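Student: Okay, handing you the structure first.
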Number of protein chains: 2
Amino acid sequence: MTMNAPKRTIVSVDAMGGDLGPAAVVAGLALSADKNPNIGFILHGNKPELEKLVARTKDLNEVCDIRHADEVVTMDDKPSYVMRNGQNTSMWSAIDAVRNGEADVVVSCGNTGALMLLSMVRLRKLPGVNRPAIACLWPSRNPAGFNVMLDVGADIRADDTDLLQYALMGASYARNGLGLARPRVGLLNVGTEEHKGRPELKSAHELIGDVAETANIDYIGFVEGGDIPSDRVDVIVTDGFTGNVALKTAEGTASLVSGLLRDAFNATILSKVSALLALSSLRRLSKRVDPRRNNGGVFLGLNGTVVKSHGSADAMGMSAAVKLAFRLAESGFNQKLAARVASAGTPSQDQKNKNPEGEQPA
Amino acid sequence: MTMNAPKRTIVSVDAMGGDLGPAAVVAGLALSADKNPNIGFILHGNKPELEKLVARTKDLNEVCDIRHADEVVTMDDKPSYVMRNGQNTSMWSAIDAVRNGEADVVVSCGNTGALMLLSMVRLRKLPGVNRPAIACLWPSRNPAGFNVMLDVGADIRADDTDLLQYALMGASYARNGLGLARPRVGLLNVGTEEHKGRPELKSAHELIGDVAETANIDYIGFVEGGDIPSDRVDVIVTDGFTGNVALKTAEGTASLVSGLLRDAFNATILSKVSALLALSSLRRLSKRVDPRRNNGGVFLGLNGTVVKSHGSADAMGMSAAVKLAFRLAESGFNQKLAARVASAGTPSQDQKNKNPEGEQPA
């Protein structure tokens, strides 16, 4: 019996969208290629520039296919403009490599709104999904070290059925991304009592409770903002407006606290000395919450997996996003998620027909 | 010329609602009375119990008037139940002392929903205010060290006119509570571009922009979650659902980071030693973000000032809430706020009549 070369998992990468330019993106791919022999890339952007950058790293050069794209989606471009006029952008080309079956997953650190809209238009929504969502990993007190939160910004609205689908999609992500067999799912609200909150939340609370058993999720009901980084819950479900505010508030708070910590250690000579001694402890902390090490929002609910890396991601951040993309592609995550949403569609419909008076229009 | 005793500012205190019971409340008042010779209290709750607690501290005994109330609002009581049946509770009695003009301000660490509803019913809304709001102080990179954020949970809804009033009320609070002559006001959204966000936010953006000059506020437009603890803004305006989630998320994040910091310092023997040396720096940090030192949400938009202390406030937390209540009462804050809202009512009405097609129904 002869050993064949392992089948590579191909990641399609938009090289042009990030704040730090293609050099940071390519440096990130080089880190990933160095660690992972089973990965391959299709790289989209300015070909002469990318060839020069890729040529610097032998390992990368061998697993990298470069596709030229004349244009770049900027952070200021309106998504609707990109949708109409973006055919020659690196982002469009990167998404189409998944659409055409050449790559298993796409990674971009470009304009989130444009990436979402292009992904929806080119990859299309999964059958049964009304609104796709962006899920992020959130440092927490969990055994896994991370919670999944969604939607963190795909859409500013979500009705009760959308929230149900977020629960199912988030649970699939937690199963395949975090290895949790039966994720604990919570619905974000301003109180944990059943009578509290917006009408769509009360209705979604019923819908998720009804499918929890068949969907193999442990539905724990309403959770509050303070529970997000706790050990109470693995998947936090909310609309994209609230989720986006919460995510950015948490990032702002973490950066405030670390800034104040720096101030505190700089206040006196003794504290400066103690900071030197505490250095390894502080590094251990910053490693734990460093957003570069868990970089990547994932778009859920499309025919294909899209990983959105942070706009300001450096090489390490990019490599983390690629690692996440690779893991999800390899686990066949998107097919499993599609099956999960499809199978839960029926009971939720039944439920609606049984109690039409208690429902919001979907 | 003879010196008269200074006129005391009277704080009405609900002694019974907190998680730690009346002993913690009375210990907090003792701290405040010790530091502030111009303060007096009307204390509401179980009279025999309170008399025993107050008698322990001579200074407090002299400035404390105790009013018996048979019943206590618990954390689980529904607000509507308390409104119908709460006449004999310490919370009701504490609010009525402001209603009757006996006290200048009320402090309670009881059930927030019940306190809000009772305050609205007994004190009534200010003329021109549709939805009162809860404002909190938020540790930030500001020169003042704190931002004002509202609404953090009075109402889960807010339309464009409500958000305009929150901007005016929050600016008044920043002027009188933080001493900022011309506060920078931002409207919380999921992006800073004008085309983003919910319809009521776009409309509120216009309304606030129109009155900014006459209301003497520096309106900086949309801000994101990450800006909340920054030096960009002094007053952050949002609806009570989003504000409550953001507040609790920030608290959860700060507690996660400090927990991880503790873990990091406990990881090895060397790190334990370095922690001992870093102790004073860490104390300096925790003093800066300690919620007990900036304890107290303020209800804005009522005929009277209500300070909601944290349910789990200890003596130091209670004393911080009392200090805030005293400062607001002494500055005549509520009268100034009422004048500000009343004077801004007219231009905003004019504006609405000029552009009726661009408006949501108020």
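Residue names in the structure tokens use chain letters A, B, ... in the order shown, residue numbers from 1 in each chain, and ligand numbers from 1 in the order shown.
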Quick one: contact table of chain A to chain B, 6 Å max, nearest atom pair and distance in Å to one decimal per residue, counting only C-alpha atoms, chain and number order, as JSON lines?
Tutor:
```
{"residue": "A:Gly225", "atom": "CA", "partner": "B:Thr249", "partner_atom": "CA", "distance": 4.1}
{"residue": "A:Gly226", "atom": "CA", "partner": "B:Gly252", "partner_atom": "CA", "distance": 4.2}
{"residue": "A:Thr242", "atom": "CA", "partner": "B:Thr242", "partner_atom": "CA", "distance": 5.9}
{"residue": "A:Val245", "atom": "CA", "partner": "B:Gly225", "partner_atom": "CA", "distance": 4.8}
{"residue": "A:Ala246", "atom": "CA", "partner": "B:Ala246", "partner_atom": "CA", "distance": 5.3}
{"residue": "A:Lys248", "atom": "CA", "partner": "B:Gly225", "partner_atom": "CA", "distance": 4.5}
{"residue": "A:Thr249", "atom": "CA", "partner": "B:Gly225", "partner_atom": "CA", "distance": 4.1}
{"residue": "A:Ala250", "atom": "CA", "partner": "B:Ala250", "partner_atom": "CA", "distance": 5.5}
{"residue": "A:Gly252", "atom": "CA", "partner": "B:Gly226", "partner_atom": "CA", "distance": 4.2}
{"residue": "A:Thr253", "atom": "CA", "partner": "B:Ala250", "partner_atom": "CA", "distance": 5.9}
{"residue": "A:Leu261", "atom": "CA", "partner": "B:Leu285", "partner_atom": "CA", "distance": 5.9}
{"residue": "A:Ala264", "atom": "CA", "partner": "B:Ser281", "partner_atom": "CA", "distance": 5.0}
{"residue": "A:Phe265", "atom": "CA", "partner": "B:Ser281", "partner_atom": "CA", "distance": 5.5}
{"residue": "A:Ser271", "atom": "CA", "partner": "B:Ser281", "partner_atom": "CA", "distance": 5.9}
{"residue": "A:Ser274", "atom": "CA", "partner": "B:Ala278", "partner_atom": "CA", "distance": 5.0}
{"residue": "A:Leu277", "atom": "CA", "partner": "B:Ser274", "partner_atom": "CA", "distance": 5.3}
{"residue": "A:Ala278", "atom": "CA", "partner": "B:Ser274", "partner_atom": "CA", "distance": 5.0}
{"residue": "A:Ser281", "atom": "CA", "partner": "B:Ala264", "partner_atom": "CA", "distance": 5.0}
{"residue": "A:Arg284", "atom": "CA", "partner": "B:Ala264", "partner_atom": "CA", "distance": 6.0}
{"residue": "A:Leu285", "atom": "CA", "partner": "B:Ala264", "partner_atom": "CA", "distance": 5.8}
```
Student: At a cut-off of 10 Å, using only C-alpha atoms, what residues contact Met169 in chain B? Leave out same-chain residues fewer than 3 positions from it and give the result as a PDB file with N, CA, C and O atoms, in the first residue's frame.
Tutor:
```pdb
ATOM      1  N   VAL B 129     -41.512  65.079  29.608  1.00  0.00           N
ATOM      2  CA  VAL B 129     -40.748  63.832  29.548  1.00  0.00           C
ATOM      3  C   VAL B 129     -41.703  62.669  29.307  1.00  0.00           C
ATOM      4  O   VAL B 129     -42.682  62.506  30.037  1.00  0.00           O
ATOM      5  N   PRO B 132     -38.949  58.316  31.571  1.00  0.00           N
ATOM      6  CA  PRO B 132     -37.790  58.564  32.434  1.00  0.00           C
ATOM      7  C   PRO B 132     -36.685  57.552  32.111  1.00  0.00           C
ATOM      8  O   PRO B 132     -36.926  56.549  31.438  1.00  0.00           O
ATOM      9  N   ALA B 133     -35.476  57.826  32.552  1.00  0.00           N
ATOM     10  CA  ALA B 133     -34.343  56.956  32.231  1.00  0.00           C
ATOM     11  C   ALA B 133     -33.486  56.738  33.479  1.00  0.00           C
ATOM     12  O   ALA B 133     -33.533  57.529  34.420  1.00  0.00           O
ATOM     13  N   ALA B 135     -29.663  56.640  34.582  1.00  0.00           N
ATOM     14  CA  ALA B 135     -28.309  56.987  34.131  1.00  0.00           C
ATOM     15  C   ALA B 135     -27.295  56.393  35.097  1.00  0.00           C
ATOM     16  O   ALA B 135     -27.516  56.371  36.306  1.00  0.00           O
ATOM     17  N   LEU B 150     -27.026  56.500  29.583  1.00  0.00           N
ATOM     18  CA  LEU B 150     -28.447  56.318  29.829  1.00  0.00           C
ATOM     19  C   LEU B 150     -29.154  55.964  28.534  1.00  0.00           C
ATOM     20  O   LEU B 150     -28.657  56.310  27.490  1.00  0.00           O
ATOM     21  N   LEU B 163     -34.967  59.512  22.910  1.00  0.00           N
ATOM     22  CA  LEU B 163     -33.503  59.570  22.842  1.00  0.00           C
ATOM     23  C   LEU B 163     -33.020  61.023  22.904  1.00  0.00           C
ATOM     24  O   LEU B 163     -31.999  61.323  23.545  1.00  0.00           O
ATOM     25  N   LEU B 164     -33.776  61.931  22.279  1.00  0.00           N
ATOM     26  CA  LEU B 164     -33.446  63.362  22.388  1.00  0.00           C
ATOM     27  C   LEU B 164     -33.501  63.810  23.847  1.00  0.00           C
ATOM     28  O   LEU B 164     -32.602  64.503  24.346  1.00  0.00           O
ATOM     29  N   GLN B 165     -34.572  63.405  24.554  1.00  0.00           N
ATOM     30  CA  GLN B 165     -34.690  63.804  25.961  1.00  0.00           C
ATOM     31  C   GLN B 165     -33.584  63.182  26.808  1.00  0.00           C
ATOM     32  O   GLN B 165     -33.069  63.818  27.731  1.00  0.00           O
ATOM     33  N   TYR B 166     -33.212  61.935  26.503  1.00  0.00           N
ATOM     34  CA  TYR B 166     -32.101  61.312  27.235  1.00  0.00           C
ATOM     35  C   TYR B 166     -30.824  62.141  27.039  1.00  0.00           C
ATOM     36  O   TYR B 166     -30.034  62.311  27.972  1.00  0.00           O
ATOM     37  N   SER B 172     -27.453  67.336  31.396  1.00  0.00           N
ATOM     38  CA  SER B 172     -27.680  68.022  32.681  1.00  0.00           C
ATOM     39  C   SER B 172     -26.970  67.298  33.815  1.00  0.00           C
ATOM     40  O   SER B 172     -26.338  67.913  34.683  1.00  0.00           O
ATOM     41  N   TYR B 173     -27.090  65.979  33.798  1.00  0.00           N
ATOM     42  CA  TYR B 173     -26.449  65.165  34.839  1.00  0.00           C
ATOM     43  C   TYR B 173     -24.928  65.340  34.787  1.00  0.00           C
ATOM     44  O   TYR B 173     -24.263  65.514  35.816  1.00  0.00           O
ATOM     45  N   ALA B 174     -24.367  65.322  33.565  1.00  0.00           N
ATOM     46  CA  ALA B 174     -22.914  65.481  33.422  1.00  0.00           C
ATOM     47  C   ALA B 174     -22.464  66.858  33.899  1.00  0.00           C
ATOM     48  O   ALA B 174     -21.397  67.001  34.505  1.00  0.00           O
ATOM     49  N   ARG B 175     -23.301  67.884  33.654  1.00  0.00           N
ATOM     50  CA  ARG B 175     -22.955  69.232  34.126  1.00  0.00           C
ATOM     51  C   ARG B 175     -22.917  69.288  35.649  1.00  0.00           C
ATOM     52  O   ARG B 175     -21.980  69.804  36.238  1.00  0.00           O
ATOM     53  N   VAL B 235     -21.323  61.695  27.480  1.00  0.00           N
ATOM     54  CA  VAL B 235     -22.684  61.198  27.710  1.00  0.00           C
ATOM     55  C   VAL B 235     -23.047  60.254  26.571  1.00  0.00           C
ATOM     56  O   VAL B 235     -23.001  60.656  25.405  1.00  0.00           O
ATOM     57  N   VAL B 237     -25.962  57.972  24.857  1.00  0.00           N
ATOM     58  CA  VAL B 237     -27.418  57.869  24.817  1.00  0.00           C
ATOM     59  C   VAL B 237     -27.813  56.583  24.101  1.00  0.00           C
ATOM     60  O   VAL B 237     -27.335  56.314  22.998  1.00  0.00           O
ATOM     61  N   LEU B 300     -33.746  59.743  36.008  1.00  0.00           N
ATOM     62  CA  LEU B 300     -33.884  61.098  35.478  1.00  0.00           C
ATOM     63  C   LEU B 300     -35.246  61.270  34.822  1.00  0.00           C
ATOM     64  O   LEU B 300     -35.750  60.361  34.182  1.00  0.00           O
ATOM     65  N   GLY B 301     -35.821  62.453  34.966  1.00  0.00           N
ATOM     66  CA  GLY B 301     -37.073  62.768  34.297  1.00  0.00           C
ATOM     67  C   GLY B 301     -38.276  62.751  35.226  1.00  0.00           C
ATOM     68  O   GLY B 301     -39.415  62.769  34.772  1.00  0.00           O
ATOM     69  N   ASN B 334     -32.112  68.696  39.882  1.00  0.00           N
ATOM     70  CA  ASN B 334     -33.376  68.307  39.258  1.00  0.00           C
ATOM     71  C   ASN B 334     -34.139  69.514  38.695  1.00  0.00           C
ATOM     72  O   ASN B 334     -34.752  69.413  37.642  1.00  0.00           O
ATOM     73  N   LYS B 336     -32.712  72.208  37.521  1.00  0.00           N
ATOM     74  CA  LYS B 336     -31.998  72.614  36.300  1.00  0.00           C
ATOM     75  C   LYS B 336     -32.349  71.689  35.137  1.00  0.00           C
ATOM     76  O   LYS B 336     -32.543  72.139  34.010  1.00  0.00           O
ATOM     77  N   LEU B 337     -32.433  70.397  35.443  1.00  0.00           N
ATOM     78  CA  LEU B 337     -32.781  69.435  34.395  1.00  0.00           C
ATOM     79  C   LEU B 337     -34.178  69.718  33.857  1.00  0.00           C
ATOM     80  O   LEU B 337     -34.409  69.715  32.648  1.00  0.00           O
ATOM     81  N   ALA B 338     -35.113  69.990  34.767  1.00  0.00           N
ATOM     82  CA  ALA B 338     -36.491  70.265  34.353  1.00  0.00           C
ATOM     83  C   ALA B 338     -36.526  71.472  33.422  1.00  0.00           C
ATOM     84  O   ALA B 338     -37.208  71.459  32.385  1.00  0.00           O
ATOM     85  N   ARG B 340     -34.120  72.575  31.534  1.00  0.00           N
ATOM     86  CA  ARG B 340     -33.451  72.247  30.284  1.00  0.00           C
ATOM     87  C   ARG B 340     -34.392  71.482  29.344  1.00  0.00           C
ATOM     88  O   ARG B 340     -34.492  71.792  28.164  1.00  0.00           O
ATOM     89  N   VAL B 341     -35.092  70.483  29.899  1.00  0.00           N
ATOM     90  CA  VAL B 341     -36.011  69.695  29.070  1.00  0.00           C
ATOM     91  C   VAL B 341     -37.146  70.582  28.563  1.00  0.00           C
ATOM     92  O   VAL B 341     -37.534  70.524  27.391  1.00  0.00           O
TER      93      VAL B 341
END
```
Student: Please list as a ChimeraX atom specification every residue within 8 Å of Ala171 in chain B, counting only C-alpha atoms and excluding residues in the same chain fewer than 6 positions away.
Tutor: /B:182-183,185,217,235
Student: Taking only range 84-290 of chain A into account, list the residues labelled strand (DSSP E) by DSSP (computed from the backbone), as an MDAnalysis selection string.
Tutor: chainID A and resid 105:108 133:139 146:150 184:188 218:223 235:237
Student: Can you pull out the residues contacting Gly177 in chain A? Cut-off 8 Å, using only C-alpha atoms, and skip same-chain residues under 6 positions away; I want them as a ChimeraX atom specification.
Tutor: /A:324,327-328
Student: If you count only C-alpha atoms, which residues fall within 9 Å of Val11 in chain B, apart from same-chain ones fewer than 3 positions away, as a list in words?
Tutor: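 With the cut-off at 9 Å, the set is Ile39, Gly40, Phe41, Ile42, Leu43, Val98, Ala103, Asp104, Val105, Val106, Val107, Val322, Ala325, Phe326 and Ala329 of chain B.
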Student: Can you write just those residues out, N, CA and C atoms, as a CSV table (one decimal), in the first residue's frame?
Tutor:
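That gives us part37.csv:
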```
chain,number,residue,atom,x,y,z
B,39,ILE,N,-25.3,66.6,56.2
B,39,ILE,CA,-26.2,65.7,55.7
B,39,ILE,C,-27.1,65.2,56.9
B,40,GLY,N,-28.4,64.9,56.5
B,40,GLY,CA,-29.3,64.3,57.4
B,40,GLY,C,-30.1,63.2,56.7
B,41,PHE,N,-30.7,62.3,57.5
B,41,PHE,CA,-31.4,61.2,56.9
B,41,PHE,C,-32.8,61.0,57.5
B,42,ILE,N,-33.7,60.5,56.6
B,42,ILE,CA,-34.9,59.9,57.1
B,42,ILE,C,-34.8,58.5,56.6
B,43,LEU,N,-34.9,57.6,57.6
B,43,LEU,CA,-34.6,56.2,57.4
B,43,LEU,C,-36.0,55.4,57.5
B,98,VAL,N,-39.8,62.3,49.7
B,98,VAL,CA,-39.5,63.3,48.7
B,98,VAL,C,-40.7,63.9,48.1
B,103,ALA,N,-37.8,65.4,52.2
B,103,ALA,CA,-36.4,65.1,51.9
B,103,ALA,C,-36.1,65.6,50.5
B,104,ASP,N,-34.8,65.7,50.1
B,104,ASP,CA,-34.4,66.3,48.8
B,104,ASP,C,-34.2,65.2,47.8
B,105,VAL,N,-33.9,64.0,48.3
B,105,VAL,CA,-33.5,62.9,47.3
B,105,VAL,C,-33.7,61.6,48.0
B,106,VAL,N,-34.0,60.5,47.3
B,106,VAL,CA,-34.2,59.2,47.9
B,106,VAL,C,-33.1,58.2,47.4
B,107,VAL,N,-32.7,57.4,48.3
B,107,VAL,CA,-31.7,56.3,47.9
B,107,VAL,C,-32.3,54.9,48.3
B,322,VAL,N,-25.0,57.5,48.6
B,322,VAL,CA,-25.5,58.6,49.4
B,322,VAL,C,-24.7,59.9,49.1
B,325,ALA,N,-26.1,61.2,45.9
B,325,ALA,CA,-27.4,61.8,46.1
B,325,ALA,C,-27.3,63.1,46.7
B,326,PHE,N,-26.4,63.3,47.7
B,326,PHE,CA,-26.2,64.5,48.4
B,326,PHE,C,-25.7,65.6,47.4
B,329,ALA,N,-28.5,66.7,45.1
B,329,ALA,CA,-29.5,67.4,45.7
B,329,ALA,C,-29.0,68.9,46.0
```
Student: What's the separation between CA of Asp70 in chain A and CA of Asn46 in chain A, in Å to one decimal place?
Tutor: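 Separation of CA of Asp70 in chain A and CA of Asn46 in chain A: 6.4 Å.
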Student: For each of A:Ser119, A:Asn38, A:Asn176, A:Ser312, take the minimum atom-to-atom distance to Met83 in chain A, counting only C-alpha atoms, then give the residue where this is smallest.
Tutor: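 With only C-alpha atoms as the atom set, the closest residue is A:Ser119.
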Student: Might you pull out every residue within 7 Å of range 17-26 of chain A, with only C-alpha atoms counted and same-chain residues fewer than 5 positions away left off, and present them as a ChimeraX atom specification?
Tutor: /A:53-54,72-74,108-111,311-312,314-315,318
Student: Please identify the helix (DSSP H, G or I) residues within range 178-217 of chain A (assignment by DSSP from backbone atoms) and present them as a list in words.
Tutor: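 Written out, the helix (DSSP H, G or I) residues of range 178-217 of chain A are Leu178, Pro199, Glu200, Leu201, Lys202, Ser203, Ala204, His205, Glu206, Leu207, Ile208, Gly209, Asp210 and Val211 of chain A.
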Student: Dump C-alpha atoms for the selected residues as a PDB file, in the first residue's frame?
Tutor:
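And here is the file that came out, selection15.pdb:
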```
ATOM      1  CA  LEU A 178     -15.425  23.988  20.461  1.00  0.00           C
ATOM      2  CA  PRO A 199     -42.088  40.482  22.750  1.00  0.00           C
ATOM      3  CA  GLU A 200     -39.910  38.688  20.154  1.00  0.00           C
ATOM      4  CA  LEU A 201     -37.705  37.439  23.009  1.00  0.00           C
ATOM      5  CA  LYS A 202     -40.630  35.920  24.881  1.00  0.00           C
ATOM      6  CA  SER A 203     -41.769  34.202  21.705  1.00  0.00           C
ATOM      7  CA  ALA A 204     -38.241  32.985  20.814  1.00  0.00           C
ATOM      8  CA  HIS A 205     -37.967  31.650  24.382  1.00  0.00           C
ATOM      9  CA  GLU A 206     -40.936  29.360  23.673  1.00  0.00           C
ATOM     10  CA  LEU A 207     -39.690  28.321  20.227  1.00  0.00           C
ATOM     11  CA  ILE A 208     -36.181  27.385  21.418  1.00  0.00           C
ATOM     12  CA  GLY A 209     -37.572  25.555  24.453  1.00  0.00           C
ATOM     13  CA  ASP A 210     -39.778  23.477  22.156  1.00  0.00           C
ATOM     14  CA  VAL A 211     -36.967  22.237  19.876  1.00  0.00           C
TER      15      VAL A 211
END
```
Student: Neighbours of Ser32 in chain B within 9 Å (only C-alpha atoms; same-chain residues fewer than 3 positions away dropped), as a VMD selection string?
Tutor: chain B and resid 27 to 29 35 to 37 39 60 318 to 320 322 to 323
Student: At what distance in Å, to one decimal, does CA of Gly186 in chain B lie from CA of Met149 in chain B?
Tutor: 9.7 Å
